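**Student:** Structure file start_14.csv, CSV, C-alpha atoms and all ligand atoms, is pasted below:
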```csv
chain,number,residue,atom,x,y,z
C,129,MET,CA,21.0,28.9,-48.1
C,130,GLY,CA,20.3,28.1,-44.5
C,131,ASN,CA,23.1,27.8,-42.1
C,132,THR,CA,22.1,24.5,-40.6
C,133,ASP,CA,20.8,21.2,-41.9
C,134,THR,CA,18.8,19.2,-39.5
C,135,GLN,CA,15.9,18.2,-41.8
C,136,GLY,CA,17.4,15.3,-43.8
C,137,GLU,CA,17.8,15.2,-47.5
C,138,LEU,CA,15.3,16.4,-50.0
C,139,TRP,CA,13.5,13.8,-52.0
C,140,GLU,CA,11.2,14.2,-55.0
C,141,VAL,CA,7.9,12.3,-55.0
C,142,PHE,CA,6.1,10.7,-58.0
C,143,ILE,CA,2.7,9.2,-57.8
C,144,GLN,CA,1.0,6.7,-60.2
C,145,SER,CA,-2.7,7.3,-59.9
C,146,LYS,CA,-3.8,4.0,-61.6
C,147,PRO,CA,-1.9,0.9,-62.7
C,148,GLY,CA,-0.6,1.4,-66.2
C,149,GLN,CA,-0.4,5.2,-66.1
C,150,SER,CA,2.8,7.3,-65.9
C,151,PHE,CA,4.2,8.4,-62.6
C,152,LYS,CA,3.6,12.1,-62.1
C,153,HIS,CA,5.7,14.5,-60.0
C,154,ALA,CA,3.7,15.5,-56.9
C,155,GLY,CA,6.2,17.5,-54.8
C,156,ALA,CA,9.0,16.9,-52.4
C,157,ILE,CA,9.6,15.8,-48.8
C,158,HIS,CA,12.5,15.6,-46.4
C,159,ALA,CA,13.8,12.2,-45.0
C,160,PHE,CA,17.0,10.7,-43.7
C,161,ASP,CA,16.7,7.3,-45.5
C,162,ARG,CA,14.8,5.5,-48.2
C,163,GLU,CA,12.3,3.9,-45.9
C,164,MET,CA,11.5,7.2,-44.1
C,165,ALA,CA,11.3,8.8,-47.5
C,166,ILE,CA,8.7,6.5,-48.9
C,167,GLU,CA,6.7,6.6,-45.7
C,168,ASN,CA,6.8,10.4,-45.5
C,169,ALA,CA,5.7,10.6,-49.2
C,170,ARG,CA,2.8,8.3,-48.4
C,171,ASP,CA,1.7,10.3,-45.4
C,172,THR,CA,2.1,13.6,-47.1
C,173,TYR,CA,0.8,13.0,-50.7
C,174,THR,CA,-1.5,10.0,-50.6
C,175,ARG,CA,-4.0,10.5,-47.8
C,176,ARG,CA,-7.0,10.3,-50.1
C,177,GLY,CA,-6.2,7.4,-52.5
C,178,GLU,CA,-4.3,9.7,-54.9
C,179,GLY,CA,-2.4,6.7,-56.1
C,180,SER,CA,-1.3,3.2,-55.5
C,181,GLY,CA,2.2,3.5,-57.0
C,182,LEU,CA,4.8,5.7,-55.4
C,183,TRP,CA,8.4,6.6,-56.3
C,184,VAL,CA,10.8,8.7,-54.2
C,185,VAL,CA,14.2,9.8,-55.5
C,186,ARG,CA,16.9,12.0,-53.9
C,187,SER,CA,16.5,15.4,-55.5
C,188,LYS,CA,20.3,15.6,-56.0
C,189,ASP,CA,20.2,12.5,-58.2
C,190,ILE,CA,17.8,14.0,-60.7
C,191,VAL,CA,19.3,15.2,-63.9
C,192,SER,CA,17.2,17.9,-65.5
C,193,VAL,CA,17.0,20.3,-68.5
C,194,THR,CA,14.7,23.3,-68.4
C,195,PRO,CA,13.1,24.8,-71.5
C,196,ASN,CA,14.8,28.2,-71.5
C,197,GLU,CA,18.3,27.3,-70.6
C,198,GLU,CA,19.1,24.8,-73.2
C,199,GLY,CA,16.8,25.3,-76.2
C,200,TYR,CA,19.4,23.6,-78.5
C,201,PHE,CA,19.0,20.4,-76.4
C,202,PHE,CA,15.6,19.7,-77.9
C,203,ASP,CA,16.3,21.0,-81.4
C,204,PRO,CA,16.5,17.7,-83.1
C,205,SER,CA,12.8,17.1,-82.5
C,206,ASN,CA,11.9,20.4,-84.1
C,207,ASP,CA,13.7,20.0,-87.4
C,208,LYS,CA,12.8,16.4,-88.0
C,209,VAL,CA,9.1,16.8,-88.8
C,210,TYR,CA,9.1,13.5,-90.6
C,211,ARG,CA,9.0,11.9,-87.1
C,212,HIS,CA,5.4,12.9,-86.9
C,213,PRO,CA,2.7,10.8,-88.6
C,214,THR,CA,1.0,14.0,-89.9
C,215,PHE,CA,4.1,14.6,-92.2
C,216,TYR,CA,3.1,12.0,-94.7
C,217,GLU,CA,0.7,12.2,-97.5
C,218,MET,CA,-1.8,9.4,-97.8
C,219,PRO,CA,-4.0,8.4,-100.7
C,220,GLU,CA,-7.6,9.1,-100.4
C,221,GLY,CA,-9.7,6.3,-98.9
C,222,VAL,CA,-6.8,4.4,-97.1
C,223,LYS,CA,-8.1,2.8,-93.9
C,224,HIS,CA,-6.6,1.6,-90.6
C,225,MET,CA,-3.5,3.8,-91.0
N,106,MET,CA,21.0,19.6,-55.5
N,107,LEU,CA,24.3,19.3,-57.3
N,108,ASN,CA,22.7,19.5,-60.7
N,109,ARG,CA,20.8,22.6,-59.7
N,110,ILE,CA,24.0,24.2,-58.4
N,111,VAL,CA,25.9,23.6,-61.6
N,112,LYS,CA,23.0,25.1,-63.5
N,113,ALA,CA,22.9,28.1,-61.3
N,114,LYS,CA,26.5,28.7,-62.1
N,115,TYR,CA,25.9,28.3,-65.8
N,116,LYS,CA,23.0,30.7,-65.4
N,117,THR,CA,25.2,33.4,-63.8
N,118,MET,CA,27.6,33.3,-66.7
N,119,GLU,CA,24.8,33.5,-69.2
N,120,THR,CA,23.2,36.3,-67.2
N,121,SER,CA,26.3,38.5,-67.4
N,122,LEU,CA,26.1,38.3,-71.2
N,123,ILE,CA,22.4,39.2,-71.5
N,124,SER,CA,21.4,42.5,-70.0
N,125,GLN,CA,19.1,42.7,-67.0
N,126,GLU,CA,16.5,44.6,-69.1
N,127,GLU,CA,16.3,41.8,-71.6
N,128,LEU,CA,15.9,39.2,-68.9
N,129,LEU,CA,13.2,41.3,-67.3
N,130,LEU,CA,11.4,41.7,-70.6
N,131,GLU,CA,11.5,38.0,-71.2
N,132,PHE,CA,10.3,37.3,-67.7
N,133,GLU,CA,7.3,39.7,-68.0
N,134,ASN,CA,6.4,38.5,-71.4
N,135,LYS,CA,6.2,35.0,-70.0
N,136,ILE,CA,4.0,36.2,-67.2
N,137,ASN,CA,1.7,38.1,-69.5
N,138,ALA,CA,1.3,35.0,-71.6
N,139,GLU,CA,0.1,33.2,-68.5
N,140,GLN,CA,3.1,30.9,-68.4
N,141,LYS,CA,4.4,29.7,-65.1
N,142,ILE,CA,7.8,30.8,-63.7
N,143,GLU,CA,9.8,27.7,-62.6
N,144,PRO,CA,12.5,27.5,-60.0
N,145,LEU,CA,15.5,27.6,-62.4
N,146,ASP,CA,14.1,30.4,-64.5
N,147,TRP,CA,15.5,33.9,-64.2
N,148,MET,CA,13.4,36.1,-62.0
N,149,PRO,CA,13.8,39.6,-60.5
N,150,ASP,CA,15.0,39.7,-56.9
N,151,GLU,CA,11.8,41.5,-55.8
N,152,TYR,CA,9.8,38.7,-57.3
N,153,ARG,CA,11.8,36.0,-55.5
N,154,ASN,CA,11.8,38.0,-52.2
N,155,HIS,CA,8.0,38.6,-52.4
N,156,LEU,CA,7.5,34.8,-52.9
N,157,ILE,CA,9.9,33.9,-50.1
N,158,ARG,CA,7.9,36.2,-47.7
N,159,GLN,CA,4.4,35.2,-48.9
N,160,MET,CA,5.0,31.4,-49.3
N,161,SER,CA,6.8,31.0,-46.0
N,162,GLN,CA,4.1,33.1,-44.2
N,163,HIS,CA,1.5,30.8,-45.8
N,164,ALA,CA,3.4,27.6,-44.8
N,165,HIS,CA,3.9,28.9,-41.2
N,166,SER,CA,0.1,29.7,-41.0
N,167,GLU,CA,-0.8,26.1,-41.9
N,168,VAL,CA,1.4,24.8,-39.1
N,169,ILE,CA,0.6,27.4,-36.4
N,170,GLY,CA,-3.1,27.0,-37.3
N,171,MET,CA,-2.9,23.5,-36.0
N,172,GLN,CA,-2.7,24.8,-32.4
N,173,PRO,CA,-6.1,26.4,-31.7
N,174,GLU,CA,-7.8,23.2,-33.1
N,175,GLY,CA,-5.4,20.8,-31.5
N,176,ASN,CA,-6.5,22.3,-28.2
N,177,TRP,CA,-9.9,20.5,-28.7
N,178,ILE,CA,-8.9,17.0,-29.8
N,179,THR,CA,-9.1,15.5,-26.4
N,180,ARG,CA,-12.4,17.2,-25.7
N,181,ALA,CA,-14.3,16.5,-28.9
N,182,PRO,CA,-17.9,15.6,-28.0
N,183,SER,CA,-18.0,12.3,-29.9
N,184,LEU,CA,-15.7,9.8,-31.6
N,185,ARG,CA,-17.0,10.9,-35.0
N,186,SER,CA,-16.1,14.5,-34.3
N,187,LYS,CA,-12.7,13.6,-32.9
N,188,LYS,CA,-11.8,11.5,-36.0
N,189,ILE,CA,-12.9,14.4,-38.2
N,190,LEU,CA,-10.9,17.0,-36.2
N,191,LEU,CA,-7.8,14.8,-36.2
N,192,ALA,CA,-8.0,14.3,-40.0
N,193,LYS,CA,-8.5,18.0,-40.5
N,194,ILE,CA,-5.5,19.0,-38.4
N,195,GLN,CA,-3.4,16.3,-40.1
N,196,ASP,CA,-4.3,17.9,-43.5
N,197,GLU,CA,-3.1,21.3,-42.2
N,198,GLY,CA,0.2,19.8,-41.3
N,199,GLY,CA,0.4,18.4,-44.8
N,200,HIS,CA,-0.4,21.8,-46.3
N,201,GLY,CA,2.5,23.2,-44.3
N,202,LEU,CA,4.8,20.5,-45.8
N,203,TYR,CA,3.6,21.1,-49.4
N,204,LEU,CA,4.2,24.8,-49.0
N,205,TYR,CA,7.6,24.5,-47.3
N,206,SER,CA,8.7,22.2,-50.2
N,207,ALA,CA,7.5,24.7,-52.7
N,208,ALA,CA,9.1,27.6,-50.9
N,209,GLU,CA,12.4,25.7,-50.7
N,210,THR,CA,12.7,25.8,-54.5
N,211,LEU,CA,13.4,29.6,-54.1
N,212,GLY,CA,16.8,28.6,-52.6
N,213,VAL,CA,16.1,29.0,-48.9
N,214,SER,CA,16.3,25.9,-46.7
N,215,ARG,CA,13.5,24.7,-44.4
N,216,ASP,CA,15.7,25.2,-41.4
N,217,GLN,CA,16.2,28.8,-42.4
N,218,TYR,CA,12.5,29.4,-42.8
N,219,ILE,CA,11.8,27.9,-39.3
N,220,GLN,CA,14.6,30.0,-37.8
N,221,TRP,CA,13.1,33.2,-39.3
N,222,LEU,CA,9.7,32.2,-37.8
N,223,HIS,CA,11.3,31.7,-34.4
N,224,GLU,CA,13.2,35.0,-34.6
N,225,GLY,CA,10.0,36.8,-35.4
N,226,LYS,CA,11.3,37.8,-38.9
N,227,ALA,CA,8.6,35.8,-40.6
N,228,LYS,CA,4.9,36.1,-39.9
N,229,TYR,CA,1.9,33.7,-39.9
N,230,ALA,CA,-1.8,34.5,-40.3
N,231,SER,CA,-2.8,36.7,-37.4
N,232,VAL,CA,-6.2,34.9,-37.0
N,233,PHE,CA,-4.4,32.1,-35.2
N,234,ASN,CA,-3.5,34.5,-32.4
N,235,TYR,CA,-7.1,34.3,-31.2
N,236,PRO,CA,-8.0,31.6,-28.7
N,237,ALA,CA,-10.4,28.7,-29.3
N,238,LEU,CA,-12.6,28.9,-26.2
N,239,THR,CA,-15.5,26.5,-26.8
N,240,TRP,CA,-16.4,23.5,-29.1
N,241,ALA,CA,-18.4,25.9,-31.2
N,242,ASP,CA,-15.1,27.5,-32.1
N,243,MET,CA,-14.2,24.3,-34.0
N,244,GLY,CA,-17.3,25.1,-36.1
N,245,ALA,CA,-16.5,28.7,-36.6
N,246,ILE,CA,-12.9,28.1,-37.5
N,247,GLY,CA,-13.7,25.5,-40.1
N,248,TRP,CA,-16.5,27.5,-41.6
N,249,LEU,CA,-15.0,31.0,-41.4
N,250,VAL,CA,-11.2,30.7,-41.1
N,251,ASP,CA,-10.9,27.8,-43.6
N,252,GLY,CA,-13.6,29.5,-45.7
N,253,ALA,CA,-11.6,32.7,-45.9
N,254,ALA,CA,-8.4,30.7,-46.6
N,255,ILE,CA,-10.1,28.8,-49.4
N,256,THR,CA,-11.3,32.0,-51.1
N,257,ASN,CA,-7.7,33.2,-51.1
N,258,GLN,CA,-6.3,29.9,-52.1
N,259,VAL,CA,-8.7,29.2,-55.0
N,260,SER,CA,-7.5,32.5,-56.5
N,261,LEU,CA,-3.8,31.6,-55.8
N,262,GLN,CA,-4.1,28.4,-57.9
N,263,ARG,CA,-3.5,30.8,-60.8
N,264,THR,CA,-0.4,32.4,-59.3
N,265,SER,CA,2.5,32.8,-61.7
N,266,TYR,CA,5.1,30.7,-59.7
N,267,GLY,CA,4.7,27.1,-60.8
N,268,PRO,CA,5.5,25.3,-57.5
N,269,TYR,CA,3.2,27.6,-55.5
N,270,SER,CA,0.4,27.2,-58.0
N,271,ARG,CA,0.7,23.4,-57.9
N,272,ALA,CA,0.8,23.3,-54.1
N,273,MET,CA,-2.4,25.4,-54.1
N,274,VAL,CA,-4.2,23.0,-56.5
N,275,ARG,CA,-3.4,20.2,-54.1
N,276,ILE,CA,-4.4,22.1,-51.1
N,277,CYS,CA,-7.7,23.3,-52.5
N,278,LYS,CA,-8.8,19.7,-53.3
N,279,GLU,CA,-8.3,18.9,-49.6
N,280,GLU,CA,-9.8,22.1,-48.2
N,281,SER,CA,-13.4,21.5,-49.3
N,282,PHE,CA,-14.1,19.1,-46.4
N,283,HIS,CA,-12.6,21.5,-43.9
N,284,GLN,CA,-15.2,24.2,-44.4
N,285,ARG,CA,-18.1,21.7,-44.6
N,286,GLN,CA,-17.2,20.0,-41.3
N,287,GLY,CA,-17.1,23.4,-39.6
N,288,TYR,CA,-20.4,24.5,-41.0
N,289,GLU,CA,-21.9,21.2,-40.1
N,290,ILE,CA,-20.9,21.8,-36.4
N,291,MET,CA,-22.5,25.2,-36.5
N,292,TRP,CA,-25.7,23.9,-38.1
N,293,LYS,CA,-26.0,21.0,-35.6
N,294,MET,CA,-25.6,23.4,-32.7
N,295,MET,CA,-28.2,25.8,-34.1
N,296,GLU,CA,-30.6,22.8,-34.3
N,297,GLY,CA,-29.8,22.0,-30.6
N,298,THR,CA,-30.6,23.5,-27.2
N,299,LYS,CA,-30.7,27.2,-26.4
N,300,ASP,CA,-27.3,26.9,-24.8
N,301,GLN,CA,-25.8,25.4,-27.9
N,302,GLN,CA,-27.4,28.0,-30.1
N,303,GLU,CA,-25.9,30.7,-27.9
N,304,MET,CA,-22.5,29.1,-28.0
N,305,ALA,CA,-22.6,29.0,-31.8
N,306,GLN,CA,-23.6,32.6,-32.0
N,307,ASP,CA,-20.9,33.6,-29.5
N,308,ALA,CA,-18.3,31.8,-31.7
N,309,LEU,CA,-19.5,33.6,-34.8
N,310,ASN,CA,-19.4,36.9,-32.9
N,311,ARG,CA,-15.8,36.3,-31.9
N,312,TRP,CA,-14.5,34.9,-35.3
N,313,TRP,CA,-16.3,37.0,-37.8
N,314,TRP,CA,-14.1,40.1,-37.7
N,315,PRO,CA,-10.8,38.1,-37.4
N,316,ALA,CA,-11.9,36.1,-40.5
N,317,LEU,CA,-12.5,39.3,-42.5
N,318,MET,CA,-9.1,40.6,-41.4
N,319,MET,CA,-7.5,37.5,-42.9
N,320,PHE,CA,-7.6,39.2,-46.3
N,321,GLY,CA,-5.3,41.9,-45.1
N,322,PRO,CA,-5.4,45.7,-45.3
N,323,HIS,CA,-7.4,47.7,-47.8
N,324,ASP,CA,-5.9,47.7,-51.3
N,325,SER,CA,-5.2,51.4,-50.8
N,326,ASP,CA,-3.1,50.6,-47.7
N,327,SER,CA,-1.3,47.6,-49.1
N,328,PRO,CA,1.9,48.8,-50.6
N,329,ARG,CA,3.1,45.5,-51.9
N,330,THR,CA,-0.1,44.7,-53.8
N,331,SER,CA,0.9,46.4,-57.0
N,332,ASN,CA,4.0,44.4,-57.9
N,333,ALA,CA,2.3,41.3,-56.7
N,334,MET,CA,-0.6,41.9,-59.0
N,335,LYS,CA,1.6,43.0,-61.9
N,336,TRP,CA,3.7,39.8,-61.7
N,337,LYS,CA,0.5,37.8,-61.1
N,338,ILE,CA,1.7,36.4,-57.8
N,339,LYS,CA,-1.6,37.6,-56.5
N,340,ARG,CA,-4.5,37.4,-58.9
N,341,GLU,CA,-7.2,39.3,-57.0
N,342,THR,CA,-6.9,42.2,-54.5
N,343,ASN,CA,-7.5,41.9,-50.8
N,344,ASP,CA,-10.7,43.9,-50.9
N,345,HIS,CA,-12.1,42.0,-53.9
N,346,LEU,CA,-11.4,38.6,-52.2
N,347,ARG,CA,-12.9,39.8,-48.9
N,348,GLN,CA,-16.1,40.9,-50.7
N,349,LYS,CA,-16.4,37.5,-52.3
N,350,PHE,CA,-16.1,35.8,-48.9
N,351,ILE,CA,-18.7,38.2,-47.3
N,352,ASN,CA,-21.1,37.6,-50.2
N,353,LYS,CA,-20.8,33.8,-49.8
N,354,THR,CA,-20.9,33.7,-46.0
N,355,ILE,CA,-23.8,36.0,-45.0
N,356,PRO,CA,-26.5,33.8,-46.6
N,357,GLN,CA,-24.9,30.7,-45.0
N,358,ALA,CA,-25.2,32.3,-41.6
N,359,GLU,CA,-28.8,33.4,-42.2
N,360,LEU,CA,-29.8,29.9,-43.5
N,361,ILE,CA,-29.0,28.3,-40.1
N,362,GLY,CA,-30.3,31.2,-38.0
N,363,LEU,CA,-27.1,32.9,-37.1
N,364,LYS,CA,-26.8,36.7,-36.9
N,365,ILE,CA,-23.8,38.5,-38.4
N,366,PRO,CA,-22.3,40.7,-35.6
N,367,ASP,CA,-22.6,43.9,-37.6
N,368,SER,CA,-25.7,46.1,-37.4
N,369,ASN,CA,-24.7,47.8,-40.7
N,370,VAL,CA,-25.0,44.8,-43.0
N,371,VAL,CA,-27.0,45.9,-46.1
N,372,LYS,CA,-27.6,44.0,-49.3
N,373,LEU,CA,-26.8,46.3,-52.2
N,374,SER,CA,-28.6,46.0,-55.5
N,375,ASP,CA,-25.7,44.5,-57.2
N,376,GLU,CA,-25.7,41.4,-54.9
N,377,ASN,CA,-22.8,42.7,-52.9
N,378,TYR,CA,-23.3,43.0,-49.2
N,379,GLN,CA,-22.1,46.2,-47.5
N,380,THR,CA,-20.6,45.9,-44.0
N,381,SER,CA,-19.0,48.1,-41.4
N,382,ASP,CA,-15.3,48.8,-41.8
N,383,ILE,CA,-12.9,46.6,-39.9
N,384,ASN,CA,-11.3,47.8,-36.7
N,385,TRP,CA,-7.8,48.4,-38.2
N,386,ASP,CA,-6.3,49.3,-34.8
N,387,GLU,CA,-7.0,45.8,-33.6
N,388,PHE,CA,-5.8,44.4,-36.9
N,389,TRP,CA,-2.4,46.1,-36.6
N,390,LYS,CA,-2.2,45.4,-32.8
N,391,VAL,CA,-2.4,41.6,-33.5
N,392,VAL,CA,-0.1,41.8,-36.6
N,393,ASN,CA,2.5,43.5,-34.5
N,394,GLY,CA,2.5,40.8,-31.9
N,395,ASN,CA,0.0,42.0,-29.3
N,396,GLY,CA,-2.9,39.7,-29.9
N,397,PRO,CA,-4.3,37.4,-27.2
N,398,CYS,CA,-2.2,34.4,-28.1
N,399,ASN,CA,0.9,35.6,-30.1
N,400,GLU,CA,3.4,34.7,-27.4
N,401,GLN,CA,1.8,31.4,-26.6
N,402,ARG,CA,1.7,30.3,-30.3
N,403,LEU,CA,5.3,31.0,-31.0
N,404,ALA,CA,6.5,29.7,-27.6
N,405,HIS,CA,4.7,26.4,-28.3
N,406,HIS,CA,6.3,26.0,-31.7
N,407,ILE,CA,9.8,26.8,-30.4
N,408,LYS,CA,9.4,24.4,-27.5
N,409,TYR,CA,8.3,21.4,-29.6
N,410,HIS,CA,10.8,22.2,-32.3
N,411,ASN,CA,13.6,22.2,-29.8
N,412,GLU,CA,12.3,19.1,-28.0
N,413,GLY,CA,12.4,17.3,-31.3
N,414,ALA,CA,16.0,18.1,-32.0
N,415,TRP,CA,17.3,14.8,-30.6
N,416,VAL,CA,15.0,12.9,-33.0
N,417,ARG,CA,16.4,14.8,-36.1
N,418,GLU,CA,19.9,14.4,-34.7
N,419,SER,CA,19.7,10.6,-34.1
N,420,ALA,CA,18.1,10.1,-37.5
N,421,SER,CA,21.0,11.9,-39.2
N,422,ILE,CA,23.6,10.0,-37.1
N,423,SER,CA,22.2,6.6,-38.0
N,424,ASN,CA,21.8,7.6,-41.6
N,425,PRO,CA,25.0,9.4,-42.6
N,426,LYS,CA,24.9,10.8,-46.2
I,1,FE,FE,-4.9,24.4,-44.9
I,2,FE,FE,-8.0,23.9,-43.9
```
Just dump the structure as structure tokens.
Ligand SMILES: [Fe+2]
Ligand SMILES: [Fe+2]

**Tutor:**
Amino acid sequence: MGNTDTQGELWEVFIQSKPGQSFKHAGAIHAFDREMAIENARDTYTRRGEGSGLWVVRSKDIVSVTPNEEGYFFDPSNDKVYRHPTFYEMPEGVKHM
Amino acid sequence: MLNRIVKAKYKTMETSLISQEELLLEFENKINAEQKIEPLDWMPDEYRNHLIRQMSQHAHSEVIGMQPEGNWITRAPSLRSKKILLAKIQDEGGHGLYLYSAAETLGVSRDQYIQWLHEGKAKYASVFNYPALTWADMGAIGWLVDGAAITNQVSLQRTSYGPYSRAMVRICKEESFHQRQGYEIMWKMMEGTKDQQEMAQDALNRWWWPALMMFGPHDSDSPRTSNAMKWKIKRETNDHLRQKFINKTIPQAELIGLKIPDSNVVKLSDENYQTSDINWDEFWKVVNGNGPCNEQRLAHHIKYHNEGAWVRESASISNPK
């Protein structure tokens, strides 16, 4: 790690490309406060109309799980196949299901 | 960062239980399956160090590269060209920011990267150590220097490190206008007066070889290429990318009446152009700090970084964590 810190905190940037869509992670920026963070995110990641919705959140406030580290974390979704619609048998000819 | 730090600790404990060989095998399997390596994944030290070096060099190049073009903002020949040049240079600053953010995920702070640059421990693309002498150089830089950079960056979109790959995708989207605006400048000058045509040809003469040098040494003289290829940090070799660039660029020059400054250009039957070899003495001279503008470029960066210290300081004082 560096021996100094003069660059402000690290913030993660999320962009919504169109109203109604999910916000997607775009990258990170440095800033000293919320206002600077949202402005830096705008200047850095949305110079060509990439989106109209913008979120910034301090990187340290993100709680994450990565695929390899904690496989067991996601286990419940794998052994409960009945959560997926394809699990169920349907009579021939049924419509709007 | 706290969460990442906790995870890093957990990871160390886990690592001690699984052997290094197993971790390496898992890592290489992932790479062979074209999966991306993400910041918290285990990776060999050589992989991390190669990325730290390559990505920071890439980030520094974007930022230092703003200098030769910045030199012409106040002297752009029209409002249109001034607006374009400003937007282009702003993009390059943005590219630097994408790449620093991506490089920071390797566990090195931005301050540290900048310090290494200032101490001469990190490099940037040597091409920016050449001066931009005339307006035609704005054309040659956009067309050739950005053109060479794009050839490299398109290939790097498929790099195995996730944050680097995503930064490249974003950058490539923005680069397409950079090369076109440069080529447009050259074309307009070639349609202009005799003086303008000579100025464009002179710019090509001066930037052609430095642009070809951007791809680095021959594969046979590039000791780091093999690991970088094996681990898919690089997807194509220096010589292969350089050839691609040459094949694209020579017809573009001919189309607008420019002459490649190399009397040995031959079109081979397989569509590849053959050219003279690069002057490698000059290449190493500039890489090792003795190009026309090496000192000036670094001194400029250090000066403005230091002069901005009070801004960063007052921002951090008025916004304590
Ligand atoms: Fe760029
Ligand atoms: Fe560019």

**Student:** Would you kindly report the residues of chain C within 12 Å of chain N, using all atoms listed in the file, as a PDB file with C-alpha atoms, in the coordinates of the input?

**Tutor:**
```pdb
ATOM      1  CA  MET C 129      21.000  28.900 -48.100  1.00  0.00           C
ATOM      2  CA  GLY C 130      20.300  28.100 -44.500  1.00  0.00           C
ATOM      3  CA  ASN C 131      23.100  27.800 -42.100  1.00  0.00           C
ATOM      4  CA  THR C 132      22.100  24.500 -40.600  1.00  0.00           C
ATOM      5  CA  ASP C 133      20.800  21.200 -41.900  1.00  0.00           C
ATOM      6  CA  THR C 134      18.800  19.200 -39.500  1.00  0.00           C
ATOM      7  CA  GLN C 135      15.900  18.200 -41.800  1.00  0.00           C
ATOM      8  CA  GLY C 136      17.400  15.300 -43.800  1.00  0.00           C
ATOM      9  CA  GLU C 137      17.800  15.200 -47.500  1.00  0.00           C
ATOM     10  CA  LEU C 138      15.300  16.400 -50.000  1.00  0.00           C
ATOM     11  CA  TRP C 139      13.500  13.800 -52.000  1.00  0.00           C
ATOM     12  CA  GLU C 140      11.200  14.200 -55.000  1.00  0.00           C
ATOM     13  CA  VAL C 141       7.900  12.300 -55.000  1.00  0.00           C
ATOM     14  CA  HIS C 153       5.700  14.500 -60.000  1.00  0.00           C
ATOM     15  CA  ALA C 154       3.700  15.500 -56.900  1.00  0.00           C
ATOM     16  CA  GLY C 155       6.200  17.500 -54.800  1.00  0.00           C
ATOM     17  CA  ALA C 156       9.000  16.900 -52.400  1.00  0.00           C
ATOM     18  CA  ILE C 157       9.600  15.800 -48.800  1.00  0.00           C
ATOM     19  CA  HIS C 158      12.500  15.600 -46.400  1.00  0.00           C
ATOM     20  CA  ALA C 159      13.800  12.200 -45.000  1.00  0.00           C
ATOM     21  CA  PHE C 160      17.000  10.700 -43.700  1.00  0.00           C
ATOM     22  CA  ASP C 161      16.700   7.300 -45.500  1.00  0.00           C
ATOM     23  CA  ARG C 162      14.800   5.500 -48.200  1.00  0.00           C
ATOM     24  CA  GLU C 163      12.300   3.900 -45.900  1.00  0.00           C
ATOM     25  CA  MET C 164      11.500   7.200 -44.100  1.00  0.00           C
ATOM     26  CA  ASN C 168       6.800  10.400 -45.500  1.00  0.00           C
ATOM     27  CA  ALA C 169       5.700  10.600 -49.200  1.00  0.00           C
ATOM     28  CA  ARG C 170       2.800   8.300 -48.400  1.00  0.00           C
ATOM     29  CA  ASP C 171       1.700  10.300 -45.400  1.00  0.00           C
ATOM     30  CA  THR C 172       2.100  13.600 -47.100  1.00  0.00           C
ATOM     31  CA  TYR C 173       0.800  13.000 -50.700  1.00  0.00           C
ATOM     32  CA  THR C 174      -1.500  10.000 -50.600  1.00  0.00           C
ATOM     33  CA  ARG C 175      -4.000  10.500 -47.800  1.00  0.00           C
ATOM     34  CA  ARG C 176      -7.000  10.300 -50.100  1.00  0.00           C
ATOM     35  CA  GLU C 178      -4.300   9.700 -54.900  1.00  0.00           C
ATOM     36  CA  VAL C 185      14.200   9.800 -55.500  1.00  0.00           C
ATOM     37  CA  ARG C 186      16.900  12.000 -53.900  1.00  0.00           C
ATOM     38  CA  SER C 187      16.500  15.400 -55.500  1.00  0.00           C
ATOM     39  CA  LYS C 188      20.300  15.600 -56.000  1.00  0.00           C
ATOM     40  CA  ASP C 189      20.200  12.500 -58.200  1.00  0.00           C
ATOM     41  CA  ILE C 190      17.800  14.000 -60.700  1.00  0.00           C
ATOM     42  CA  VAL C 191      19.300  15.200 -63.900  1.00  0.00           C
ATOM     43  CA  SER C 192      17.200  17.900 -65.500  1.00  0.00           C
ATOM     44  CA  VAL C 193      17.000  20.300 -68.500  1.00  0.00           C
ATOM     45  CA  THR C 194      14.700  23.300 -68.400  1.00  0.00           C
ATOM     46  CA  PRO C 195      13.100  24.800 -71.500  1.00  0.00           C
ATOM     47  CA  ASN C 196      14.800  28.200 -71.500  1.00  0.00           C
ATOM     48  CA  GLU C 197      18.300  27.300 -70.600  1.00  0.00           C
ATOM     49  CA  GLU C 198      19.100  24.800 -73.200  1.00  0.00           C
TER      50      GLU C 198
END
```

**Student:** If the limit is 12 Å from any atom of ligand FE 1 (chain I), counting all atoms listed in the file, which residues qualify? Return them as an NGL selection string.

**Tutor:** :N and (163-171 or 192-204 or 230 or 246-247 or 250-259 or 272-284)

**Student:** Would you mind reading off the distance between atom CA of Asp307 of chain N and atom CA of Ile189 of chain N, one decimal, in Å?

**Tutor:**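 Between these atoms lies a distance of 22.5 Å.
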
**Student:** Atom CA of Tyr409 of chain N and atom CA of Met319 of chain N are how many Å apart?

**Tutor:** 26.2 Å

**Student:** Can you pull out every residue within 12 Å of Ile365 of chain N, counting only C-alpha atoms, but drop anything in the same chain fewer than 4 positions away, and send it as a list in words?

**Tutor:**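 Here the answer would be Leu249, Ala305, Gln306, Asp307, Ala308, Leu309, Asn310, Arg311, Trp312, Trp313, Trp314, Ile351, Thr354, Ile355, Pro356, Gln357, Ala358, Glu359, Leu360, Ile361, Asn369, Val370, Val371, Tyr378, Thr380 and Ser381 of chain N.
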